[in-house]
Amino acid sequence: MTIVLDGKKIAEEIQRELHEEMKDWKKCGKRLPKLAVIIVGDHTASQVYVNNKENAAKYIGFHSIVKEFPKDITEEKLLCEIDKLNQDSTVDGILVQLPLPLHMDEERVLVSIGPEKDVDGFHPLNMGHLLVGHPEKLPCTPYGIMTLLDRYQIDLEGKHAVIVGRSNIVGKPMSQLLLHQNATVTVTHSKTKNLKEITQQADILIVAIGQCEMITADFVKDGAVVVDVGMNRNSEGKLVGDVAYDDVFPKASFITPVPGGVGPMTITMLMEQTINNARIGDR
Ligand code: NDP
């Protein structure tokens, strides 16, 4: 029998727990956390992601501010705005919604966020902490996947985990987190030869490639745990993952749906890390 890894349900559970915690903070007059989200330009998908984040913060019960800038804002001006937020002691987390307009150096902008306020976990310093095995802030998608696997009590020790995709925000940090849990990890990418032969060996298969339903049943070992990070629009405009869900479902022991799998967990981990920063700051 295949079990659906219901990210929406688990995310709601965690958000409820955080909501209860915020109610207690309010009761004792403790300063509530604040998340600042920066959005540049009018990218429709980005607007949707930012709204989802704002709604989650509102539900949990802490402050969130959205700073919107026109797409022709200069990089220097944006860096100056980020610096103001870095200096603001009431702001616990800063997030710059990607993608940024082409005239901007994305890396330079991300590095300008104070590492202690980097709730997205993309700052090279935080990546470095993760690499040496002492994570401080985690990239939210891999963190969300680990939390989901943990809540379903999926044992990772000694398992062969295959990751398809090596991006800085998903594939690479995912490999480190799985390694810390004693999985044996293989990372694959677009230049990997015989991809199917490798994915067929996976006990845990994590797919983050941005290719509509590319991973079909023949890529998957019987009984594998399949996590689909992909969020793509197919030719009919429908939101689909990187995994052909209906095809793979009967072969998997556990599988995430799209939507309702990894996506809600990512947002929830962002909230969790913002609150955690406020916990640390007020210690
Ligand atoms: P990137 O485009 O940054 O990276 C894609 C990776 O997939 C690259 O490493 C690339 O290889 C690899 N790849 C692409 N095509 C193939 C292929 N045919 N075979 C093997 N490997 C391939 O994407 P992201 O990591 O940012 O995102 C991946 C997907 O996850 C997207 O659909 C995105 O929308 C989604 N996403 C979802 C999130 C969520 O919360 N649910 C959060 C973040 C992303 P190479 O390095 O060789 O180019």
# chains A, B, ... in the order shown; residues from 1 in each chain; ligands from 1
call {"tool": "residues_near_ligand", "arguments": {"ligand": "ligand 1", "cutoff": "7 Å", "atoms": "only C-alpha atoms and all ligand atoms", "output": "list in words"}}
result
Thr141, Val164, Gly165, Arg166, Ser167, Ile169, Val170, Gly171, Thr188, His189, Ser190, Lys191, Thr192, Ala208, Ile209, Gly210, Gln211, Val229, Gly230, Met231, Asn232, Gly241, Asp242, Val262, Gly263, Pro264 and Thr266 of chain A
call {"tool": "write_last_selection", "arguments": {"atoms": "N, CA and C atoms", "output": "compact mmCIF listing (two decimals), in the first residue's frame"}}
result
# COMPACT_ATOMS: atom_id res chain seq x y z
N THR A 141 13.30 24.44 1.77
CA THR A 141 12.73 23.28 1.08
C THR A 141 13.35 21.97 1.58
N VAL A 164 17.87 13.94 -7.59
CA VAL A 164 17.98 14.37 -8.99
C VAL A 164 17.87 15.89 -8.98
N GLY A 165 18.96 16.57 -9.36
CA GLY A 165 19.01 18.04 -9.29
C GLY A 165 20.06 18.45 -8.27
N ARG A 166 20.88 19.45 -8.62
CA ARG A 166 21.99 19.87 -7.73
C ARG A 166 21.98 21.37 -7.49
N SER A 167 20.78 21.97 -7.43
CA SER A 167 20.75 23.43 -7.22
C SER A 167 21.20 23.76 -5.80
N ILE A 169 19.66 25.69 -3.81
CA ILE A 169 18.56 25.84 -2.85
C ILE A 169 17.88 24.51 -2.51
N VAL A 170 18.05 23.50 -3.36
CA VAL A 170 17.40 22.21 -3.06
C VAL A 170 18.42 21.05 -3.04
N GLY A 171 18.92 20.68 -4.21
CA GLY A 171 19.70 19.45 -4.33
C GLY A 171 20.92 19.37 -3.41
N THR A 188 22.58 13.52 -8.61
CA THR A 188 22.62 13.45 -10.07
C THR A 188 22.16 14.79 -10.66
N HIS A 189 22.40 14.97 -11.97
CA HIS A 189 22.08 16.25 -12.62
C HIS A 189 21.94 16.03 -14.12
N SER A 190 21.88 17.13 -14.86
CA SER A 190 21.56 17.00 -16.29
C SER A 190 22.67 16.32 -17.10
N LYS A 191 23.88 16.27 -16.55
CA LYS A 191 24.98 15.62 -17.29
C LYS A 191 25.21 14.19 -16.82
N THR A 192 24.42 13.72 -15.90
CA THR A 192 24.57 12.36 -15.38
C THR A 192 24.26 11.36 -16.49
N ALA A 208 14.20 17.20 -7.94
CA ALA A 208 14.07 18.68 -8.01
C ALA A 208 14.75 19.15 -9.29
N ILE A 209 14.03 19.04 -10.40
CA ILE A 209 14.65 19.35 -11.69
C ILE A 209 13.88 20.39 -12.51
N GLY A 210 12.61 20.60 -12.18
CA GLY A 210 11.83 21.55 -12.97
C GLY A 210 11.49 21.03 -14.36
N GLN A 211 11.22 19.72 -14.47
CA GLN A 211 10.85 19.11 -15.75
C GLN A 211 9.53 18.35 -15.56
N VAL A 229 9.81 17.59 -5.63
CA VAL A 229 9.93 19.02 -5.29
C VAL A 229 9.37 19.89 -6.42
N GLY A 230 9.35 19.36 -7.61
CA GLY A 230 9.01 20.15 -8.80
C GLY A 230 7.66 20.85 -8.73
N MET A 231 7.63 22.05 -9.27
CA MET A 231 6.36 22.79 -9.41
C MET A 231 6.39 23.39 -10.81
N ASN A 232 5.67 22.76 -11.70
CA ASN A 232 5.73 23.18 -13.11
C ASN A 232 4.30 23.32 -13.64
N GLY A 241 4.21 18.12 -10.94
CA GLY A 241 5.55 17.96 -10.39
C GLY A 241 6.54 17.47 -11.43
N ASP A 242 7.71 17.05 -10.94
CA ASP A 242 8.73 16.45 -11.80
C ASP A 242 8.49 14.94 -11.93
N VAL A 262 5.57 19.08 -0.90
CA VAL A 262 6.73 19.82 -0.41
C VAL A 262 6.43 21.32 -0.23
N GLY A 263 5.63 21.89 -1.13
CA GLY A 263 5.37 23.34 -1.13
C GLY A 263 4.94 23.88 0.23
N PRO A 264 3.86 23.34 0.83
CA PRO A 264 3.41 23.88 2.12
C PRO A 264 4.45 23.72 3.23
N THR A 266 7.70 23.98 2.80
CA THR A 266 8.72 25.02 2.60
C THR A 266 8.31 26.30 3.33
call {"tool": "select_by_dssp", "arguments": {"residues": "stretch 123-215 of chain A", "states": "helix (DSSP H, G or I)", "output": "ChimeraX atom specification"}}
result
/A:124-131,140-151,171-180,195-199
call {"tool": "residues_around", "arguments": {"residues": "stretch 154-163 of chain A", "least_positions_apart": "5", "cutoff": "8 Å", "atoms": "only C-alpha atoms", "output": "PDB file with N, CA and C atoms, in the first residue's frame"}}
result
ATOM      1  N   LEU A 149       9.653  13.788   6.285  1.00  0.00           N
ATOM      2  CA  LEU A 149      10.101  12.392   6.406  1.00  0.00           C
ATOM      3  C   LEU A 149      10.124  11.982   7.881  1.00  0.00           C
ATOM      4  N   GLY A 171      18.923  20.685  -4.213  1.00  0.00           N
ATOM      5  CA  GLY A 171      19.703  19.448  -4.330  1.00  0.00           C
ATOM      6  C   GLY A 171      20.917  19.375  -3.414  1.00  0.00           C
ATOM      7  N   MET A 174      20.092  19.420   0.342  1.00  0.00           N
ATOM      8  CA  MET A 174      19.378  18.162   0.628  1.00  0.00           C
ATOM      9  C   MET A 174      20.374  17.034   0.843  1.00  0.00           C
ATOM     10  N   SER A 175      21.424  17.012   0.007  1.00  0.00           N
ATOM     11  CA  SER A 175      22.413  15.930   0.102  1.00  0.00           C
ATOM     12  C   SER A 175      23.094  15.961   1.471  1.00  0.00           C
ATOM     13  N   LEU A 178      20.671  14.712   4.301  1.00  0.00           N
ATOM     14  CA  LEU A 178      20.501  13.250   4.260  1.00  0.00           C
ATOM     15  C   LEU A 178      21.759  12.546   4.768  1.00  0.00           C
ATOM     16  N   GLN A 181      21.944  12.362   8.373  1.00  0.00           N
ATOM     17  CA  GLN A 181      21.065  11.317   8.932  1.00  0.00           C
ATOM     18  C   GLN A 181      21.563   9.919   8.547  1.00  0.00           C
ATOM     19  N   ASN A 182      22.810   9.847   8.094  1.00  0.00           N
ATOM     20  CA  ASN A 182      23.457   8.565   7.794  1.00  0.00           C
ATOM     21  C   ASN A 182      22.878   7.826   6.600  1.00  0.00           C
ATOM     22  N   ALA A 183      22.269   8.559   5.678  1.00  0.00           N
ATOM     23  CA  ALA A 183      21.910   7.939   4.401  1.00  0.00           C
ATOM     24  C   ALA A 183      23.158   7.901   3.531  1.00  0.00           C
ATOM     25  N   THR A 184      23.155   7.023   2.541  1.00  0.00           N
ATOM     26  CA  THR A 184      24.225   7.018   1.537  1.00  0.00           C
ATOM     27  C   THR A 184      23.663   7.792   0.360  1.00  0.00           C
ATOM     28  N   VAL A 185      24.363   8.867  -0.023  1.00  0.00           N
ATOM     29  CA  VAL A 185      23.726   9.837  -0.928  1.00  0.00           C
ATOM     30  C   VAL A 185      24.397   9.882  -2.305  1.00  0.00           C
ATOM     31  N   THR A 186      23.584   9.856  -3.338  1.00  0.00           N
ATOM     32  CA  THR A 186      24.067  10.084  -4.708  1.00  0.00           C
ATOM     33  C   THR A 186      23.343  11.308  -5.250  1.00  0.00           C
ATOM     34  N   VAL A 187      24.112  12.260  -5.776  1.00  0.00           N
ATOM     35  CA  VAL A 187      23.505  13.458  -6.379  1.00  0.00           C
ATOM     36  C   VAL A 187      23.669  13.368  -7.897  1.00  0.00           C
ATOM     37  N   THR A 188      22.579  13.519  -8.613  1.00  0.00           N
ATOM     38  CA  THR A 188      22.620  13.451 -10.074  1.00  0.00           C
ATOM     39  C   THR A 188      22.157  14.787 -10.662  1.00  0.00           C
ATOM     40  N   ILE A 198      20.588   4.732 -12.066  1.00  0.00           N
ATOM     41  CA  ILE A 198      20.923   5.215 -10.714  1.00  0.00           C
ATOM     42  C   ILE A 198      19.648   5.397  -9.888  1.00  0.00           C
ATOM     43  N   THR A 199      18.636   6.025 -10.480  1.00  0.00           N
ATOM     44  CA  THR A 199      17.411   6.259  -9.692  1.00  0.00           C
ATOM     45  C   THR A 199      16.734   4.929  -9.334  1.00  0.00           C
ATOM     46  N   GLN A 201      18.074   2.506  -8.164  1.00  0.00           N
ATOM     47  CA  GLN A 201      18.699   1.942  -6.950  1.00  0.00           C
ATOM     48  C   GLN A 201      18.252   2.689  -5.689  1.00  0.00           C
ATOM     49  N   ALA A 202      17.430   3.722  -5.869  1.00  0.00           N
ATOM     50  CA  ALA A 202      17.127   4.597  -4.730  1.00  0.00           C
ATOM     51  C   ALA A 202      16.085   3.999  -3.794  1.00  0.00           C
ATOM     52  N   ASP A 203      16.445   3.980  -2.480  1.00  0.00           N
ATOM     53  CA  ASP A 203      15.418   3.686  -1.467  1.00  0.00           C
ATOM     54  C   ASP A 203      14.606   4.963  -1.231  1.00  0.00           C
ATOM     55  N   ILE A 204      15.335   6.093  -1.284  1.00  0.00           N
ATOM     56  CA  ILE A 204      14.706   7.412  -1.121  1.00  0.00           C
ATOM     57  C   ILE A 204      15.040   8.192  -2.393  1.00  0.00           C
ATOM     58  N   LEU A 205      14.044   8.643  -3.109  1.00  0.00           N
ATOM     59  CA  LEU A 205      14.287   9.376  -4.361  1.00  0.00           C
ATOM     60  C   LEU A 205      13.721  10.790  -4.222  1.00  0.00           C
ATOM     61  N   ILE A 206      14.629  11.770  -4.304  1.00  0.00           N
ATOM     62  CA  ILE A 206      14.211  13.179  -4.188  1.00  0.00           C
ATOM     63  C   ILE A 206      14.407  13.809  -5.562  1.00  0.00           C
ATOM     64  N   VAL A 207      13.375  14.394  -6.121  1.00  0.00           N
ATOM     65  CA  VAL A 207      13.483  14.926  -7.484  1.00  0.00           C
ATOM     66  C   VAL A 207      13.216  16.431  -7.475  1.00  0.00           C
ATOM     67  N   ALA A 208      14.202  17.205  -7.940  1.00  0.00           N
ATOM     68  CA  ALA A 208      14.070  18.676  -8.010  1.00  0.00           C
ATOM     69  C   ALA A 208      14.745  19.149  -9.288  1.00  0.00           C
TER      70      ALA A 208
END
call {"tool": "closest_residue", "arguments": {"among": "A:Ile280, A:Val48, A:Ile38, A:Val132", "to": "A:Leu110", "atoms": "only C-alpha atoms"}}
result
A:Ile38
call {"tool": "residues_around", "arguments": {"residues": "A:Ile215", "least_positions_apart": "2", "cutoff": "8 Å", "atoms": "only C-alpha atoms", "output": "PyMOL selection string"}}
result
chain A and resi 213+217-220+242-244
call {"tool": "write_last_selection", "arguments": {"atoms": "C-alpha atoms", "output": "PDB file, in the first residue's frame"}}
result
ATOM      1  CA  GLU A 213       6.528  14.648 -14.943  1.00  0.00           C
ATOM      2  CA  ALA A 217       7.568   4.404 -13.000  1.00  0.00           C
ATOM      3  CA  ASP A 218      10.524   2.874 -14.872  1.00  0.00           C
ATOM      4  CA  PHE A 219      12.889   5.241 -12.974  1.00  0.00           C
ATOM      5  CA  VAL A 220      11.655   3.993  -9.603  1.00  0.00           C
ATOM      6  CA  ASP A 242       8.726  16.446 -11.802  1.00  0.00           C
ATOM      7  CA  VAL A 243       7.311  12.983 -11.064  1.00  0.00           C
ATOM      8  CA  ALA A 244       4.490  11.374 -13.075  1.00  0.00           C
TER       9      ALA A 244
END
call {"tool": "atom_distance", "arguments": {"atom1": "atom CA of A:Asp105", "atom2": "atom CA of A:Ser64"}}
result
25.5 Å
call {"tool": "closest_residue", "arguments": {"among": "A:Lys193, A:Gln176, A:His19, A:Asp42", "to": "A:His134", "atoms": "only C-alpha atoms"}}
result
A:Gln176
call {"tool": "closest_residue", "arguments": {"among": "A:Thr74, A:Ser235, A:Gln47, A:Thr256", "to": "A:Val4", "atoms": "only C-alpha atoms"}}
result
A:Thr256
call {"tool": "closest_residue", "arguments": {"among": "A:Ile94, A:Leu78, A:Ile275, A:Ile145", "to": "A:Pro115", "atoms": "only C-alpha atoms"}}
result
A:Ile94
call {"tool": "residues_around", "arguments": {"residues": "A:Leu148", "least_positions_apart": "3", "cutoff": "9 Å", "atoms": "only C-alpha atoms", "output": "list of chain:residue names"}}
result
A:Leu5, A:Asp6, A:Gly7, A:Ile10, A:Ala11, A:Tyr143, A:Gly144, A:Ile145, A:Arg151, A:Tyr152, A:Gln153, A:Ile154, A:Gly261, A:Val262, A:Met265
call {"tool": "select_by_dssp", "arguments": {"residues": "stretch 26-250 of chain A", "states": "strand (DSSP E or B)", "output": "PyMOL selection string"}}
result
chain A and resi 34-40+63-69+93-96+118+160-164+184-188+204-207+215+225-228+232-233+239-240+243
call {"tool": "write_last_selection", "arguments": {"atoms": "N, CA and C atoms", "output": "compact mmCIF listing (two decimals), in the first residue's frame"}}
result
# COMPACT_ATOMS: atom_id res chain seq x y z
N LYS A 34 9.12 39.16 13.73
CA LYS A 34 8.76 39.91 12.52
C LYS A 34 9.58 39.41 11.32
N LEU A 35 8.85 39.13 10.25
CA LEU A 35 9.49 38.69 9.00
C LEU A 35 9.36 39.81 7.97
N ALA A 36 10.46 40.16 7.31
CA ALA A 36 10.40 41.15 6.23
C ALA A 36 10.64 40.46 4.90
N VAL A 37 9.69 40.62 4.00
CA VAL A 37 9.81 39.99 2.67
C VAL A 37 10.01 41.09 1.64
N ILE A 38 11.04 40.93 0.82
CA ILE A 38 11.33 41.93 -0.22
C ILE A 38 10.95 41.35 -1.57
N ILE A 39 10.20 42.11 -2.32
CA ILE A 39 9.83 41.66 -3.66
C ILE A 39 10.15 42.78 -4.65
N VAL A 40 10.82 42.41 -5.72
CA VAL A 40 11.21 43.41 -6.73
C VAL A 40 10.52 43.08 -8.05
N HIS A 63 4.27 39.19 13.10
CA HIS A 63 4.27 40.30 12.15
C HIS A 63 4.99 39.93 10.87
N SER A 64 4.42 40.36 9.75
CA SER A 64 5.18 40.24 8.51
C SER A 64 4.99 41.53 7.72
N ILE A 65 6.09 42.03 7.18
CA ILE A 65 5.98 43.23 6.35
C ILE A 65 6.49 42.88 4.95
N VAL A 66 5.82 43.43 3.94
CA VAL A 66 6.26 43.19 2.57
C VAL A 66 6.77 44.51 2.02
N LYS A 67 8.00 44.49 1.53
CA LYS A 67 8.59 45.71 0.93
C LYS A 67 8.64 45.48 -0.57
N GLU A 68 7.80 46.23 -1.29
CA GLU A 68 7.75 46.05 -2.75
C GLU A 68 8.53 47.16 -3.43
N PHE A 69 9.36 46.78 -4.41
CA PHE A 69 10.14 47.77 -5.16
C PHE A 69 9.92 47.58 -6.65
N GLY A 93 13.67 38.10 10.60
CA GLY A 93 14.00 37.36 9.39
C GLY A 93 13.82 38.23 8.16
N ILE A 94 14.75 38.08 7.21
CA ILE A 94 14.66 38.83 5.94
C ILE A 94 14.69 37.83 4.81
N LEU A 95 13.78 38.03 3.88
CA LEU A 95 13.74 37.12 2.73
C LEU A 95 13.61 37.94 1.46
N VAL A 96 14.47 37.66 0.50
CA VAL A 96 14.34 38.32 -0.81
C VAL A 96 13.71 37.32 -1.76
N ASP A 118 18.99 35.44 7.94
CA ASP A 118 18.81 34.76 6.65
C ASP A 118 17.90 33.53 6.83
N HIS A 160 19.88 4.16 0.63
CA HIS A 160 20.48 4.84 -0.51
C HIS A 160 19.51 5.94 -0.97
N ALA A 161 19.93 7.18 -0.78
CA ALA A 161 19.11 8.32 -1.21
C ALA A 161 19.69 8.86 -2.51
N VAL A 162 18.86 8.96 -3.52
CA VAL A 162 19.30 9.54 -4.79
C VAL A 162 18.56 10.87 -4.97
N ILE A 163 19.34 11.92 -5.24
CA ILE A 163 18.75 13.24 -5.47
C ILE A 163 18.94 13.56 -6.94
N VAL A 164 17.87 13.94 -7.59
CA VAL A 164 17.98 14.37 -8.99
C VAL A 164 17.87 15.89 -8.98
N THR A 184 23.15 7.02 2.54
CA THR A 184 24.23 7.02 1.54
C THR A 184 23.66 7.79 0.36
N VAL A 185 24.36 8.87 -0.02
CA VAL A 185 23.73 9.84 -0.93
C VAL A 185 24.40 9.88 -2.30
N THR A 186 23.58 9.86 -3.34
CA THR A 186 24.07 10.08 -4.71
C THR A 186 23.34 11.31 -5.25
N VAL A 187 24.11 12.26 -5.78
CA VAL A 187 23.51 13.46 -6.38
C VAL A 187 23.67 13.37 -7.90
N THR A 188 22.58 13.52 -8.61
CA THR A 188 22.62 13.45 -10.07
C THR A 188 22.16 14.79 -10.66
N ILE A 204 15.34 6.09 -1.28
CA ILE A 204 14.71 7.41 -1.12
C ILE A 204 15.04 8.19 -2.39
N LEU A 205 14.04 8.64 -3.11
CA LEU A 205 14.29 9.38 -4.36
C LEU A 205 13.72 10.79 -4.22
N ILE A 206 14.63 11.77 -4.30
CA ILE A 206 14.21 13.18 -4.19
C ILE A 206 14.41 13.81 -5.56
N VAL A 207 13.37 14.39 -6.12
CA VAL A 207 13.48 14.93 -7.48
C VAL A 207 13.22 16.43 -7.47
N ILE A 215 9.98 11.96 -14.31
CA ILE A 215 10.30 10.70 -13.62
C ILE A 215 9.07 9.78 -13.65
N VAL A 225 10.70 5.51 -1.44
CA VAL A 225 10.05 6.72 -0.93
C VAL A 225 10.33 7.81 -1.97
N VAL A 226 9.29 8.41 -2.52
CA VAL A 226 9.48 9.36 -3.62
C VAL A 226 9.03 10.77 -3.18
N VAL A 227 9.96 11.71 -3.24
CA VAL A 227 9.65 13.10 -2.87
C VAL A 227 9.81 13.97 -4.12
N ASP A 228 8.73 14.62 -4.49
CA ASP A 228 8.70 15.44 -5.70
C ASP A 228 8.71 16.92 -5.33
N ASN A 232 5.67 22.76 -11.70
CA ASN A 232 5.73 23.18 -13.11
C ASN A 232 4.30 23.32 -13.64
N ARG A 233 4.15 24.17 -14.65
CA ARG A 233 2.87 24.26 -15.37
C ARG A 233 3.01 23.41 -16.62
N LEU A 239 -0.80 22.68 -12.65
CA LEU A 239 0.40 22.56 -11.82
C LEU A 239 0.76 21.08 -11.66
N VAL A 240 1.96 20.72 -12.10
CA VAL A 240 2.40 19.32 -11.98
C VAL A 240 3.82 19.28 -11.42
N VAL A 243 7.61 14.41 -11.08
CA VAL A 243 7.31 12.98 -11.06
C VAL A 243 5.92 12.77 -11.66
call {"tool": "closest_residue", "arguments": {"among": "A:Leu195, A:Val258, A:Ala57, A:Ala278", "to": "A:Cys212", "atoms": "only C-alpha atoms"}}
result
A:Val258
call {"tool": "atom_distance", "arguments": {"atom1": "atom CA of A:Ala56", "atom2": "atom CA of A:Arg16"}}
result
10.4 Å
call {"tool": "residues_around", "arguments": {"residues": "A:Gly133", "least_positions_apart": "4", "cutoff": "9 Å", "atoms": "only C-alpha atoms", "output": "ChimeraX atom specification"}}
result
/A:128-129,176-177,180
